[in-house]
Amino acid sequence: MEKNIYLVGSGLTPFGEWWGESLRDLMEEAIAAALKSSHLNATEIDMVIVANMLAEVTNNQSGLGALASSLLPHHPPALRVESACGSGALALHTACAFLESKRAKTVLVLGVEKMTDASVDAVSQALMGAADSELDAPSGLTFPGIFGLITRRYMHEFGLTREQLSVVSAVHHRNAHENPFAQFRQKLTPEDVTASPLVSDPLRLFDCSPISDGAAACILSTIHKSPLRIAASQMTSDTLSITERPTIVSFKATREAMSRALKESDIDRSDIKVVETHDCFSIASVINMEDLGFAKQGEGIRIYEDIYAGRTPLFLNNSGGLKACGHPVAATGIKQLIEVGKYLKDTSTQWGLAHNFGGAAASCGIHIMENTNA
Ligand code: COA
C-alpha cells in the first residue's frame with residue numbers, strides 16, 4: 001500500500017448511555033476533538049467517510065454522509081459505509097483507498113452509533129441484520145445466542161472451562177478502570193463474571209459487550225505527517241451465516257486478514273506488541289488470539305491467564321475492549337485504531353494492530369500501525 005498514510009488527529013466521545021445527546025451531537029464532539037488534536041483547519045479535510053450500522057432503526061436517520069459533511073464549514077464530499085460491527089475498519093480501509101488513489105489527500109473518518117434510544121429488543125433484532133436473515137434469524141437466534149453456541153462448541157472441542165473464560169472480562173474491566181472514555185470502569189474478578197446473570201448459556205452478562213452510544217473520529221493524510229503511519233489495511237469476508245462454515249471455533253476472515261496484513265506491512269507477528277481485538281463476547285477474544293496467531297488453537301485463553309497474572313508484555317485491549325469500553329458498533333473499529341496509536345506513543349513501541357469484525361466475523365478488517373519514532 002501507499003507507504004505514507006499518517007494518523008494526524010483523533011477524537012472520541014466517552015462511550016456510554018447518553019440520553020441527553022443526539023447522533024449529531026456525538027458526531028460533532030468527536031469531529032471537534034479530532035480536528036483539535038490534528039491542529040488542522042477544518043477546510044483542509046477533502047473527504048469524509050462515515051461508518052454507521054443502525055441509524056435508520058435507532059435514530060430514524062439516513063444520509064449520514066451529508067449529515068457529517070454539514071458539520072464542516074465547506075461541506076466536503078462524504079460517503080457512508082456499513083459492515084455491521086466491522087463498519088469502522090471498513091471506513092478506515094475505504095479512506096486508505098481514497099488516499100492511495102490520490103482522490104483525496106486528507107480524509108476524516110468517523111464512526112458513530114446511538115443505540116440506547118431504542119429498546120434492547122429492537123436493538124437486538126436490528127443487530128441480527130449482521131447475521132443471515134434466511135439461514136440464522138428464523139431460528140430465533142440473537143448475537144448472544146450465536147456466540148453462546150460458539151462458546152459451547154469451543155468448550156466441547158478444547159476443554160475450556162467456565163471459570164477460565166471469566167478471566168477474559170476480568171482483564172478487560174481492569175484495563176477499562178484506567179480509561180476515562182470507557183462505559184464500565186469497575187474492576188471485576190473472574191468470580192464476579194461467573195456469578196453474573198445468565199444471558200445465553202454459557203454466556204453471562206459480564207461476557208457480553210453492552211449496548212452503547214458513542215463516536216470516534218480520526219484524520220488520515222498523505223500530505224500532513226505524524227509519527228503514526230498506517231502500514232497495512234486489509235479487509236476480508238466469509239459466509240454471512242455460521243451454518244455455512246466448516247467450523248465455528250475459528251474465523252477464516254481473521255486468519256486471512258492477518259496473513260495479508262503481515263505481508264503488506266512486511267513485519268513478523270512477534271514484532272506486534274500492542275493489540276486491540278474484537279471481543280464482542282469473551283469467547284471471541286479467545287478465538288481471535290488463535291486466529292491472529294498469538295496462540296495455538298485451543299490455547300487462546302493462556303494469553304489472558306498470562307496477562308491477568310502479569311506474565312506477558314503484550315498490551316491487549318488496553319481500552320477495556322468492547323466488553324468494558326463499550327461497543328457503539330460502527331465507532332468501535334476507529335476507536336481501536338486510536339487506542340493502538342495512543343499506546344504506541346505512550347509506551348514507545350513500534351508496531352500495533354487493530355482487529356475489528358462484523359457479525360460472527362463475516363467481515364474482518366485489520367490495520368497495522370507503525371510508530372516511526374520508536
Ligand atoms: N456489561 C456490564 N454491565 C452491563 C452490561 C454489560 N454488557 N449490559 C448491561 N449492564 C448493566 C446495566 O448498566 C444495568 O446496570 P444497572 O442496573 O446498574 O443500571 C444492568 O446491567 C442491566 O442492564 P440492562 O440494560 O437491563 O441489560 P439487558 O439485560 O437489557 O442487556 C445484554 C444486557 C447483554 C443482553 C445486552 O447488553 C446485549 O444484548 N449485549 C450484546 C450486544 C450485541 O450483540 N452487540 C453486537 C455484538 S456482535
# chains A, B, ... in the order shown; residues from 1 in each chain; ligands from 1
$ residues_near_ligand --ligand "ligand 1" --cutoff "7 Å" --atoms "only C-alpha atoms and all ligand atoms" --output "PDB file with C-alpha atoms, in the first residue's frame"
ATOM      1  CA  CYS A  85     -19.749  -4.178  13.809  1.00  0.00           C
ATOM      2  CA  VAL A 120     -32.914  -3.703  23.915  1.00  0.00           C
ATOM      3  CA  SER A 124     -31.035  -6.984  19.345  1.00  0.00           C
ATOM      4  CA  LEU A 127     -28.112  -6.286  15.214  1.00  0.00           C
ATOM      5  CA  PHE A 143     -25.984 -12.428  18.685  1.00  0.00           C
ATOM      6  CA  PRO A 144     -25.603 -13.517  22.322  1.00  0.00           C
ATOM      7  CA  PHE A 184     -17.889   0.275  32.530  1.00  0.00           C
ATOM      8  CA  VAL A 199     -27.743 -14.292  29.130  1.00  0.00           C
ATOM      9  CA  LEU A 205     -23.892 -10.683  31.400  1.00  0.00           C
ATOM     10  CA  PHE A 206     -20.223  -9.891  32.009  1.00  0.00           C
ATOM     11  CA  ASP A 207     -19.186 -11.894  28.932  1.00  0.00           C
ATOM     12  CA  CYS A 208     -21.212  -9.588  26.656  1.00  0.00           C
ATOM     13  CA  SER A 209     -20.295  -6.261  25.126  1.00  0.00           C
ATOM     14  CA  PRO A 210     -23.002  -3.756  26.063  1.00  0.00           C
ATOM     15  CA  ILE A 211     -25.358  -1.596  24.034  1.00  0.00           C
ATOM     16  CA  CYS A 280     -17.896  -8.687  21.237  1.00  0.00           C
ATOM     17  CA  LYS A 323     -16.757  -5.508  26.773  1.00  0.00           C
ATOM     18  CA  ALA A 324     -15.782  -2.769  29.180  1.00  0.00           C
ATOM     19  CA  HIS A 327     -19.463  -1.118  21.736  1.00  0.00           C
ATOM     20  CA  VAL A 329     -20.888  -0.775  16.849  1.00  0.00           C
ATOM     21  CA  GLY A 358     -18.634  -7.669  11.560  1.00  0.00           C
ATOM     22  CA  GLY A 359     -21.255 -10.236  12.584  1.00  0.00           C
ATOM     23  CA  ALA A 360     -19.691 -13.558  13.511  1.00  0.00           C
TER      24      ALA A 360
END
$ residues_around --residues "segment 51-63 of chain A" --least-positions-apart "2" --cutoff "7 Å" --atoms "only C-alpha atoms" --output "short mmCIF file (atom, residue, chain, number, x, y, z; two decimals) with N, CA and C atoms, in the first residue's frame"
data_model
loop_
_atom_site.label_atom_id
_atom_site.label_comp_id
_atom_site.auth_asym_id
_atom_site.auth_seq_id
_atom_site.Cartn_x
_atom_site.Cartn_y
_atom_site.Cartn_z
N ILE A 49 -15.50 9.97 5.40
CA ILE A 49 -16.08 8.62 5.34
C ILE A 49 -16.75 8.38 6.70
N GLY A 65 -23.70 10.57 5.47
CA GLY A 65 -22.59 11.23 4.79
C GLY A 65 -22.84 12.74 4.76
N ALA A 66 -24.02 13.10 4.26
CA ALA A 66 -24.36 14.53 4.16
C ALA A 66 -24.42 15.17 5.55
N LEU A 67 -24.93 14.42 6.52
CA LEU A 67 -25.02 14.98 7.88
C LEU A 67 -23.62 15.29 8.42
N ARG A 80 -21.04 7.09 3.27
CA ARG A 80 -21.25 6.22 4.43
C ARG A 80 -20.95 4.79 4.03
N VAL A 81 -20.31 4.04 4.94
CA VAL A 81 -20.06 2.63 4.69
C VAL A 81 -20.64 1.81 5.84
N GLU A 82 -20.94 0.55 5.56
CA GLU A 82 -21.53 -0.31 6.59
C GLU A 82 -21.02 -1.73 6.42
N ALA A 84 -21.65 -3.93 9.42
CA ALA A 84 -22.07 -4.30 10.77
C ALA A 84 -21.06 -3.79 11.80
N SER A 87 -17.87 -1.99 10.66
CA SER A 87 -18.01 -0.79 9.82
C SER A 87 -16.83 0.18 10.02
N GLY A 88 -16.32 0.27 11.23
CA GLY A 88 -15.23 1.21 11.50
C GLY A 88 -13.99 0.86 10.70
N ALA A 91 -14.48 1.70 7.09
CA ALA A 91 -14.33 3.14 6.83
C ALA A 91 -12.85 3.51 6.72
N LEU A 110 -15.08 8.84 10.39
CA LEU A 110 -15.93 9.00 11.57
C LEU A 110 -16.78 7.75 11.76
N GLY A 111 -16.81 7.21 12.96
CA GLY A 111 -17.73 6.11 13.27
C GLY A 111 -18.67 6.56 14.36
N VAL A 112 -19.95 6.30 14.18
CA VAL A 112 -20.92 6.77 15.19
C VAL A 112 -22.07 5.78 15.31
N GLU A 113 -22.56 5.64 16.55
CA GLU A 113 -23.74 4.81 16.78
C GLU A 113 -24.42 5.35 18.03
N LYS A 114 -25.75 5.48 17.95
CA LYS A 114 -26.54 5.94 19.11
C LYS A 114 -27.60 4.88 19.30
N MET A 115 -27.30 3.90 20.19
CA MET A 115 -28.11 2.68 20.26
C MET A 115 -29.13 2.68 21.38
N ASP A 117 -31.36 4.72 22.55
CA ASP A 117 -32.69 5.34 22.47
C ASP A 117 -33.76 4.30 22.12
N ALA A 118 -33.34 3.17 21.54
CA ALA A 118 -34.29 2.10 21.19
C ALA A 118 -34.27 1.04 22.29
N ALA A 330 -20.45 0.85 15.04
CA ALA A 330 -19.61 1.36 13.94
C ALA A 330 -18.47 2.25 14.42
#
$ residues_around --residues "Val249 of chain A" --least-positions-apart "6" --cutoff "12 Å" --atoms "only C-alpha atoms" --output "CSV table (one decimal) with all heavy atoms, in the first residue's frame"
chain,number,residue,atom,x,y,z
A,146,ILE,N,-25.8,-16.7,19.1
A,146,ILE,CA,-24.8,-17.2,18.2
A,146,ILE,C,-23.5,-17.4,18.9
A,146,ILE,O,-22.9,-18.5,18.8
A,146,ILE,CB,-24.6,-16.2,17.0
A,146,ILE,CG1,-25.9,-16.2,16.1
A,146,ILE,CG2,-23.4,-16.5,16.2
A,146,ILE,CD1,-25.9,-15.2,15.0
A,147,PHE,N,-23.1,-16.5,19.7
A,147,PHE,CA,-21.8,-16.6,20.4
A,147,PHE,C,-21.9,-17.6,21.6
A,147,PHE,O,-20.9,-18.2,22.0
A,147,PHE,CB,-21.2,-15.3,20.8
A,147,PHE,CG,-20.5,-14.7,19.7
A,147,PHE,CD1,-21.1,-13.8,18.7
A,147,PHE,CD2,-19.1,-15.0,19.4
A,147,PHE,CE1,-20.5,-13.3,17.6
A,147,PHE,CE2,-18.4,-14.4,18.3
A,147,PHE,CZ,-19.1,-13.6,17.4
A,148,GLY,N,-23.1,-17.8,22.1
A,148,GLY,CA,-23.3,-18.9,23.1
A,148,GLY,C,-23.1,-20.2,22.5
A,148,GLY,O,-22.4,-21.1,23.1
A,149,LEU,N,-23.6,-20.4,21.3
A,149,LEU,CA,-23.4,-21.7,20.6
A,149,LEU,C,-21.9,-21.9,20.3
A,149,LEU,O,-21.3,-23.0,20.5
A,149,LEU,CB,-24.1,-21.7,19.2
A,149,LEU,CG,-25.6,-21.8,19.2
A,149,LEU,CD1,-26.1,-21.7,17.8
A,149,LEU,CD2,-26.0,-23.2,19.8
A,150,ILE,N,-21.2,-20.8,19.9
A,150,ILE,CA,-19.8,-20.9,19.6
A,150,ILE,C,-19.0,-21.3,20.8
A,150,ILE,O,-18.1,-22.1,20.8
A,150,ILE,CB,-19.3,-19.5,19.0
A,150,ILE,CG1,-19.9,-19.3,17.6
A,150,ILE,CG2,-17.8,-19.5,18.9
A,150,ILE,CD1,-19.7,-18.0,16.9
A,151,THR,N,-19.4,-20.6,22.0
A,151,THR,CA,-18.7,-20.9,23.2
A,151,THR,C,-18.9,-22.4,23.6
A,151,THR,O,-17.9,-23.1,24.0
A,151,THR,CB,-19.3,-20.1,24.4
A,151,THR,OG1,-19.3,-18.7,23.9
A,151,THR,CG2,-18.4,-20.2,25.6
A,152,ARG,N,-20.1,-22.9,23.5
A,152,ARG,CA,-20.4,-24.3,23.9
A,152,ARG,C,-19.6,-25.2,23.0
A,152,ARG,O,-19.0,-26.2,23.5
A,152,ARG,CB,-21.9,-24.5,23.8
A,152,ARG,CG,-22.4,-25.8,24.3
A,152,ARG,CD,-22.0,-26.1,25.7
A,152,ARG,NE,-22.8,-25.5,26.7
A,152,ARG,CZ,-22.4,-25.3,28.0
A,152,ARG,NH1,-21.2,-25.7,28.4
A,152,ARG,NH2,-23.2,-24.8,28.9
A,153,ARG,N,-19.5,-25.0,21.7
A,153,ARG,CA,-18.7,-25.8,20.8
A,153,ARG,C,-17.2,-25.8,21.1
A,153,ARG,O,-16.5,-26.8,21.2
A,153,ARG,CB,-19.0,-25.4,19.4
A,153,ARG,CG,-18.3,-26.3,18.3
A,153,ARG,CD,-19.0,-27.6,18.3
A,153,ARG,NE,-18.1,-28.6,17.8
A,153,ARG,CZ,-18.3,-29.9,17.7
A,153,ARG,NH1,-19.5,-30.4,18.0
A,153,ARG,NH2,-17.4,-30.8,17.3
A,154,TYR,N,-16.8,-24.5,21.4
A,154,TYR,CA,-15.3,-24.4,21.8
A,154,TYR,C,-15.0,-25.2,23.0
A,154,TYR,O,-14.0,-25.8,23.1
A,154,TYR,CB,-15.0,-22.9,21.9
A,154,TYR,CG,-13.5,-22.6,22.1
A,154,TYR,CD1,-12.8,-22.2,21.0
A,154,TYR,CD2,-12.9,-22.8,23.3
A,154,TYR,CE1,-11.4,-22.0,21.1
A,154,TYR,CE2,-11.5,-22.6,23.5
A,154,TYR,CZ,-10.8,-22.2,22.4
A,154,TYR,OH,-9.5,-21.9,22.5
A,155,MET,N,-15.9,-25.1,24.0
A,155,MET,CA,-15.7,-25.8,25.3
A,155,MET,C,-15.6,-27.3,25.0
A,155,MET,O,-14.8,-28.0,25.6
A,155,MET,CB,-16.8,-25.5,26.3
A,155,MET,CG,-16.7,-24.1,26.9
A,155,MET,SD,-18.1,-23.7,27.9
A,155,MET,CE,-17.5,-22.4,28.9
A,156,HIS,N,-16.5,-27.8,24.2
A,156,HIS,CA,-16.6,-29.2,23.8
A,156,HIS,C,-15.3,-29.6,23.1
A,156,HIS,O,-14.7,-30.7,23.5
A,156,HIS,CB,-17.8,-29.4,22.9
A,156,HIS,CG,-17.9,-30.8,22.3
A,156,HIS,ND1,-18.2,-31.9,23.0
A,156,HIS,CD2,-17.6,-31.2,21.1
A,156,HIS,CE1,-18.2,-33.0,22.3
A,156,HIS,NE2,-17.8,-32.6,21.1
A,157,GLU,N,-14.8,-28.8,22.2
A,157,GLU,CA,-13.6,-29.2,21.4
A,157,GLU,C,-12.3,-29.1,22.2
A,157,GLU,O,-11.4,-29.9,22.0
A,157,GLU,CB,-13.5,-28.5,20.1
A,157,GLU,CG,-14.6,-28.9,19.1
A,157,GLU,CD,-14.3,-28.4,17.7
A,157,GLU,OE1,-13.1,-28.2,17.3
A,157,GLU,OE2,-15.3,-28.2,16.9
A,158,PHE,N,-12.2,-28.1,23.0
A,158,PHE,CA,-10.9,-27.8,23.6
A,158,PHE,C,-10.9,-27.8,25.2
A,158,PHE,O,-9.8,-27.5,25.8
A,158,PHE,CB,-10.4,-26.4,23.1
A,158,PHE,CG,-10.3,-26.3,21.6
A,158,PHE,CD1,-11.1,-25.5,20.9
A,158,PHE,CD2,-9.4,-27.1,20.9
A,158,PHE,CE1,-11.1,-25.4,19.5
A,158,PHE,CE2,-9.3,-27.1,19.6
A,158,PHE,CZ,-10.2,-26.2,18.8
A,160,LEU,N,-12.2,-25.8,27.4
A,160,LEU,CA,-12.2,-24.6,28.1
A,160,LEU,C,-13.3,-24.6,29.2
A,160,LEU,O,-14.4,-25.1,28.9
A,160,LEU,CB,-12.5,-23.4,27.1
A,160,LEU,CG,-12.6,-22.0,27.7
A,160,LEU,CD1,-11.3,-21.4,28.0
A,160,LEU,CD2,-13.4,-21.1,26.8
A,242,ILE,N,-23.2,-18.6,10.0
A,242,ILE,CA,-22.3,-19.5,10.6
A,242,ILE,C,-22.7,-21.0,10.2
A,242,ILE,O,-21.9,-21.9,10.2
A,242,ILE,CB,-22.2,-19.5,12.1
A,242,ILE,CG1,-23.6,-19.6,12.8
A,242,ILE,CG2,-21.5,-18.2,12.6
A,242,ILE,CD1,-23.5,-19.9,14.3
A,283,ILE,N,-15.7,-15.2,24.4
A,283,ILE,CA,-15.1,-16.3,23.6
A,283,ILE,C,-14.4,-15.7,22.3
A,283,ILE,O,-13.5,-16.3,21.9
A,283,ILE,CB,-16.2,-17.3,23.3
A,283,ILE,CG1,-15.6,-18.6,22.7
A,283,ILE,CG2,-17.3,-16.7,22.3
A,283,ILE,CD1,-14.7,-19.3,23.6
A,284,ALA,N,-15.0,-14.6,21.8
A,284,ALA,CA,-14.4,-14.1,20.6
A,284,ALA,C,-12.9,-13.8,20.8
A,284,ALA,O,-12.1,-14.0,19.9
A,284,ALA,CB,-15.2,-12.9,20.1
A,285,SER,N,-12.6,-13.2,21.9
A,285,SER,CA,-11.2,-12.8,22.2
A,285,SER,C,-10.3,-14.0,22.2
A,285,SER,O,-9.1,-14.0,21.8
A,285,SER,CB,-11.1,-12.1,23.6
A,285,SER,OG,-11.1,-10.8,23.4
A,286,VAL,N,-10.8,-15.1,22.8
A,286,VAL,CA,-10.0,-16.4,22.9
A,286,VAL,C,-9.7,-16.9,21.5
A,286,VAL,O,-8.6,-17.2,21.1
A,286,VAL,CB,-10.8,-17.4,23.7
A,286,VAL,CG1,-10.0,-18.7,23.7
A,286,VAL,CG2,-11.0,-16.9,25.2
A,287,ILE,N,-10.8,-16.9,20.7
A,287,ILE,CA,-10.6,-17.4,19.3
A,287,ILE,C,-9.7,-16.4,18.5
A,287,ILE,O,-8.9,-16.8,17.7
A,287,ILE,CB,-12.0,-17.5,18.6
A,287,ILE,CG1,-12.8,-18.7,19.3
A,287,ILE,CG2,-11.9,-17.7,17.1
A,287,ILE,CD1,-14.2,-18.8,18.8
A,288,ASN,N,-9.9,-15.1,18.7
A,288,ASN,CA,-9.1,-14.1,18.0
A,288,ASN,C,-7.6,-14.3,18.3
A,288,ASN,O,-6.7,-14.2,17.3
A,288,ASN,CB,-9.4,-12.7,18.4
A,288,ASN,CG,-10.9,-12.4,18.0
A,288,ASN,OD1,-11.5,-13.1,17.2
A,288,ASN,ND2,-11.4,-11.3,18.6
A,289,MET,N,-7.2,-14.6,19.5
A,289,MET,CA,-5.8,-14.8,19.8
A,289,MET,C,-5.2,-15.9,19.0
A,289,MET,O,-4.0,-15.9,18.6
A,289,MET,CB,-5.6,-15.1,21.3
A,289,MET,CG,-5.8,-13.9,22.2
A,289,MET,SD,-4.7,-12.5,21.9
A,289,MET,CE,-5.7,-11.5,20.9
A,290,GLU,N,-6.0,-16.9,18.7
A,290,GLU,CA,-5.6,-18.1,17.9
A,290,GLU,C,-5.5,-17.7,16.5
A,290,GLU,O,-4.6,-18.0,15.8
A,290,GLU,CB,-6.5,-19.3,18.2
A,290,GLU,CG,-6.5,-19.7,19.7
A,290,GLU,CD,-7.6,-20.6,20.1
A,290,GLU,OE1,-8.3,-21.1,19.2
A,290,GLU,OE2,-7.8,-20.8,21.3
A,291,ASP,N,-6.6,-17.1,16.0
A,291,ASP,CA,-6.7,-16.8,14.5
A,291,ASP,C,-5.7,-15.7,14.1
A,291,ASP,O,-5.2,-15.7,13.0
A,291,ASP,CB,-8.1,-16.3,14.2
A,291,ASP,CG,-9.1,-17.4,14.2
A,291,ASP,OD1,-8.7,-18.6,14.1
A,291,ASP,OD2,-10.3,-17.1,14.4
A,297,GLN,N,-4.2,-23.2,18.4
A,297,GLN,CA,-5.7,-23.5,18.6
A,297,GLN,C,-6.0,-24.2,19.9
A,297,GLN,O,-5.2,-25.2,20.2
A,297,GLN,CB,-6.2,-24.2,17.4
A,297,GLN,CG,-7.7,-24.1,17.3
A,297,GLN,CD,-8.4,-24.7,16.1
A,297,GLN,OE1,-7.9,-25.5,15.4
A,297,GLN,NE2,-9.6,-24.1,15.8
A,298,GLY,N,-7.0,-23.7,20.6
A,298,GLY,CA,-7.3,-24.4,21.9
A,298,GLY,C,-6.6,-23.7,23.0
A,298,GLY,O,-6.9,-24.0,24.2
A,300,GLY,N,-5.9,-20.1,23.3
A,300,GLY,CA,-6.0,-18.7,23.3
A,300,GLY,C,-6.2,-18.1,24.8
A,300,GLY,O,-5.7,-17.0,25.1
A,360,ALA,N,-20.6,-12.5,12.9
A,360,ALA,CA,-19.7,-13.6,13.5
A,360,ALA,C,-18.5,-13.7,12.6
A,360,ALA,O,-18.2,-14.7,12.0
A,360,ALA,CB,-20.4,-14.9,13.6
A,361,ALA,N,-17.7,-12.6,12.5
A,361,ALA,CA,-16.6,-12.5,11.6
A,361,ALA,C,-16.9,-12.8,10.2
A,361,ALA,O,-16.2,-13.5,9.5
A,361,ALA,CB,-15.4,-13.4,12.1
$ closest_residue --among "A:Ser200, A:Gln336, A:Asn373, A:Thr13" --to "His355 of chain A" --atoms "only C-alpha atoms"
A:Gln336
$ closest_residue --among "A:Thr94, A:Ser282, A:Ser319, A:Ser139" --to "Leu165 of chain A" --atoms "only C-alpha atoms"
A:Ser282
$ residues_around --residues "Ala68 of chain A" --least-positions-apart "2" --cutoff "9 Å" --atoms "only C-alpha atoms" --output "list in words"
Arg24, Met27, Glu28, Ile31, Val48, Ile49, Val50, Gly63, Leu64, Gly65, Ala66, Ser70, Leu71, Leu72, His75, Ala78 and Leu110 of chain A
$ write_last_selection --atoms "all heavy atoms" --output "tab-separated table (two decimals), in the first residue's frame"
chain	number	residue	atom	x	y	z
A	24	ARG	N	-26.19	13.57	16.08
A	24	ARG	CA	-25.43	14.73	15.58
A	24	ARG	C	-24.48	15.26	16.65
A	24	ARG	O	-23.32	15.58	16.37
A	24	ARG	CB	-26.41	15.82	15.16
A	24	ARG	CG	-25.77	17.09	14.61
A	24	ARG	CD	-26.79	18.21	14.61
A	24	ARG	NE	-27.96	17.88	13.82
A	24	ARG	CZ	-28.17	18.27	12.56
A	24	ARG	NH1	-27.28	19.04	11.97
A	24	ARG	NH2	-29.25	17.93	11.90
A	27	MET	N	-21.46	13.06	16.83
A	27	MET	CA	-20.59	13.28	15.66
A	27	MET	C	-19.79	14.57	15.83
A	27	MET	O	-18.57	14.61	15.62
A	27	MET	CB	-21.44	13.35	14.38
A	27	MET	CG	-22.10	12.04	14.01
A	27	MET	SD	-23.43	12.25	12.79
A	27	MET	CE	-22.59	12.00	11.27
A	28	GLU	N	-20.50	15.63	16.23
A	28	GLU	CA	-19.84	16.94	16.38
A	28	GLU	C	-18.70	16.88	17.40
A	28	GLU	O	-17.62	17.42	17.18
A	28	GLU	CB	-20.87	17.98	16.87
A	28	GLU	CG	-21.48	18.76	15.74
A	28	GLU	CD	-22.50	19.79	16.22
A	28	GLU	OE1	-23.07	19.62	17.32
A	28	GLU	OE2	-22.73	20.75	15.47
A	31	ILE	N	-15.69	14.90	16.00
A	31	ILE	CA	-15.01	15.65	14.92
A	31	ILE	C	-14.21	16.81	15.51
A	31	ILE	O	-13.05	17.04	15.14
A	31	ILE	CB	-16.04	16.16	13.88
A	31	ILE	CG1	-16.67	15.01	13.11
A	31	ILE	CG2	-15.37	17.15	12.91
A	31	ILE	CD1	-17.83	15.42	12.20
A	48	VAL	N	-14.88	12.88	3.56
A	48	VAL	CA	-15.35	12.33	4.85
A	48	VAL	C	-15.91	10.93	4.59
A	48	VAL	O	-16.69	10.72	3.65
A	48	VAL	CB	-16.47	13.20	5.47
A	48	VAL	CG1	-16.90	12.62	6.82
A	48	VAL	CG2	-16.03	14.64	5.61
A	49	ILE	N	-15.50	9.97	5.40
A	49	ILE	CA	-16.08	8.62	5.34
A	49	ILE	C	-16.75	8.38	6.70
A	49	ILE	O	-16.11	8.50	7.74
A	49	ILE	CB	-15.01	7.52	5.14
A	49	ILE	CG1	-13.99	7.90	4.07
A	49	ILE	CG2	-15.69	6.17	4.86
A	49	ILE	CD1	-14.41	7.73	2.67
A	50	VAL	N	-18.03	8.04	6.67
A	50	VAL	CA	-18.78	7.79	7.91
A	50	VAL	C	-19.14	6.32	8.01
A	50	VAL	O	-19.67	5.74	7.06
A	50	VAL	CB	-20.10	8.59	7.93
A	50	VAL	CG1	-20.77	8.45	9.30
A	50	VAL	CG2	-19.87	10.04	7.61
A	63	GLY	N	-28.72	9.16	5.36
A	63	GLY	CA	-28.00	10.34	4.85
A	63	GLY	C	-26.88	10.78	5.76
A	63	GLY	O	-26.59	11.97	5.91
A	64	LEU	N	-26.20	9.83	6.39
A	64	LEU	CA	-25.18	10.21	7.37
A	64	LEU	C	-23.96	10.87	6.76
A	64	LEU	O	-23.27	11.65	7.42
A	64	LEU	CB	-24.73	8.99	8.19
A	64	LEU	CG	-25.75	8.34	9.13
A	64	LEU	CD1	-25.06	7.68	10.31
A	64	LEU	CD2	-26.78	9.31	9.62
A	65	GLY	N	-23.70	10.57	5.47
A	65	GLY	CA	-22.59	11.23	4.79
A	65	GLY	C	-22.84	12.74	4.76
A	65	GLY	O	-22.01	13.54	5.18
A	66	ALA	N	-24.02	13.10	4.26
A	66	ALA	CA	-24.36	14.53	4.16
A	66	ALA	C	-24.42	15.17	5.55
A	66	ALA	O	-23.99	16.31	5.74
A	66	ALA	CB	-25.69	14.69	3.43
A	70	SER	N	-22.12	18.26	6.65
A	70	SER	CA	-22.72	19.54	7.04
A	70	SER	C	-22.15	20.07	8.35
A	70	SER	O	-22.36	21.24	8.69
A	70	SER	CB	-24.25	19.40	7.14
A	70	SER	OG	-24.58	18.66	8.30
A	71	LEU	N	-21.41	19.24	9.07
A	71	LEU	CA	-20.80	19.69	10.31
A	71	LEU	C	-19.45	20.37	10.07
A	71	LEU	O	-18.82	20.88	10.99
A	71	LEU	CB	-20.63	18.51	11.27
A	71	LEU	CG	-21.94	17.79	11.64
A	71	LEU	CD1	-21.68	16.56	12.50
A	71	LEU	CD2	-22.90	18.74	12.35
A	72	LEU	N	-19.01	20.35	8.80
A	72	LEU	CA	-17.77	21.06	8.44
A	72	LEU	C	-18.14	22.29	7.61
A	72	LEU	O	-19.12	22.25	6.86
A	72	LEU	CB	-16.85	20.13	7.64
A	72	LEU	CG	-16.34	18.91	8.42
A	72	LEU	CD1	-15.63	17.93	7.50
A	72	LEU	CD2	-15.41	19.33	9.55
A	75	HIS	N	-18.41	21.71	3.63
A	75	HIS	CA	-19.23	20.60	3.11
A	75	HIS	C	-18.50	19.73	2.09
A	75	HIS	O	-18.91	19.64	0.93
A	75	HIS	CB	-20.54	21.13	2.51
A	75	HIS	CG	-21.34	21.94	3.47
A	75	HIS	ND1	-22.44	22.67	3.11
A	75	HIS	CD2	-21.19	22.16	4.80
A	75	HIS	CE1	-22.93	23.30	4.17
A	75	HIS	NE2	-22.17	23.00	5.20
A	78	ALA	N	-18.75	13.28	0.92
A	78	ALA	CA	-18.80	12.33	2.04
A	78	ALA	C	-19.55	11.09	1.62
A	78	ALA	O	-20.45	11.15	0.80
A	78	ALA	CB	-19.50	12.98	3.23
A	110	LEU	N	-15.08	8.84	10.39
A	110	LEU	CA	-15.93	9.00	11.57
A	110	LEU	C	-16.78	7.75	11.76
A	110	LEU	O	-17.40	7.27	10.80
A	110	LEU	CB	-16.85	10.21	11.34
A	110	LEU	CG	-17.94	10.48	12.36
A	110	LEU	CD1	-17.35	10.95	13.68
A	110	LEU	CD2	-18.91	11.54	11.82
$ atom_distance --atom1 "atom CA of Ala170 of chain A" --atom2 "atom CA of Ile303 of chain A"
13.0 Å
$ closest_residue --among "A:Ala217, A:Leu353, A:Cys364, A:Ile301" --to "Lys335 of chain A" --atoms "only C-alpha atoms"
A:Ala217
$ atom_distance --atom1 "atom CA of Ile5 of chain A" --atom2 "atom CA of Leu220 of chain A"
6.4 Å
$ atom_distance --atom1 "atom CA of Ser363 of chain A" --atom2 "atom CA of Ser83 of chain A"
7.0 Å
$ closest_residue --among "A:Arg260, A:Ala126, A:Asp271, A:Val8" --to "His39 of chain A" --atoms "only C-alpha atoms"
A:Val8
$ residues_around --residues "Gly365 of chain A" --least-positions-apart "6" --cutoff "10 Å" --atoms "only C-alpha atoms" --output "number ranges by chain"
A: 83, 86-93, 233-237, 253-254, 257-258, 261, 333, 354-358
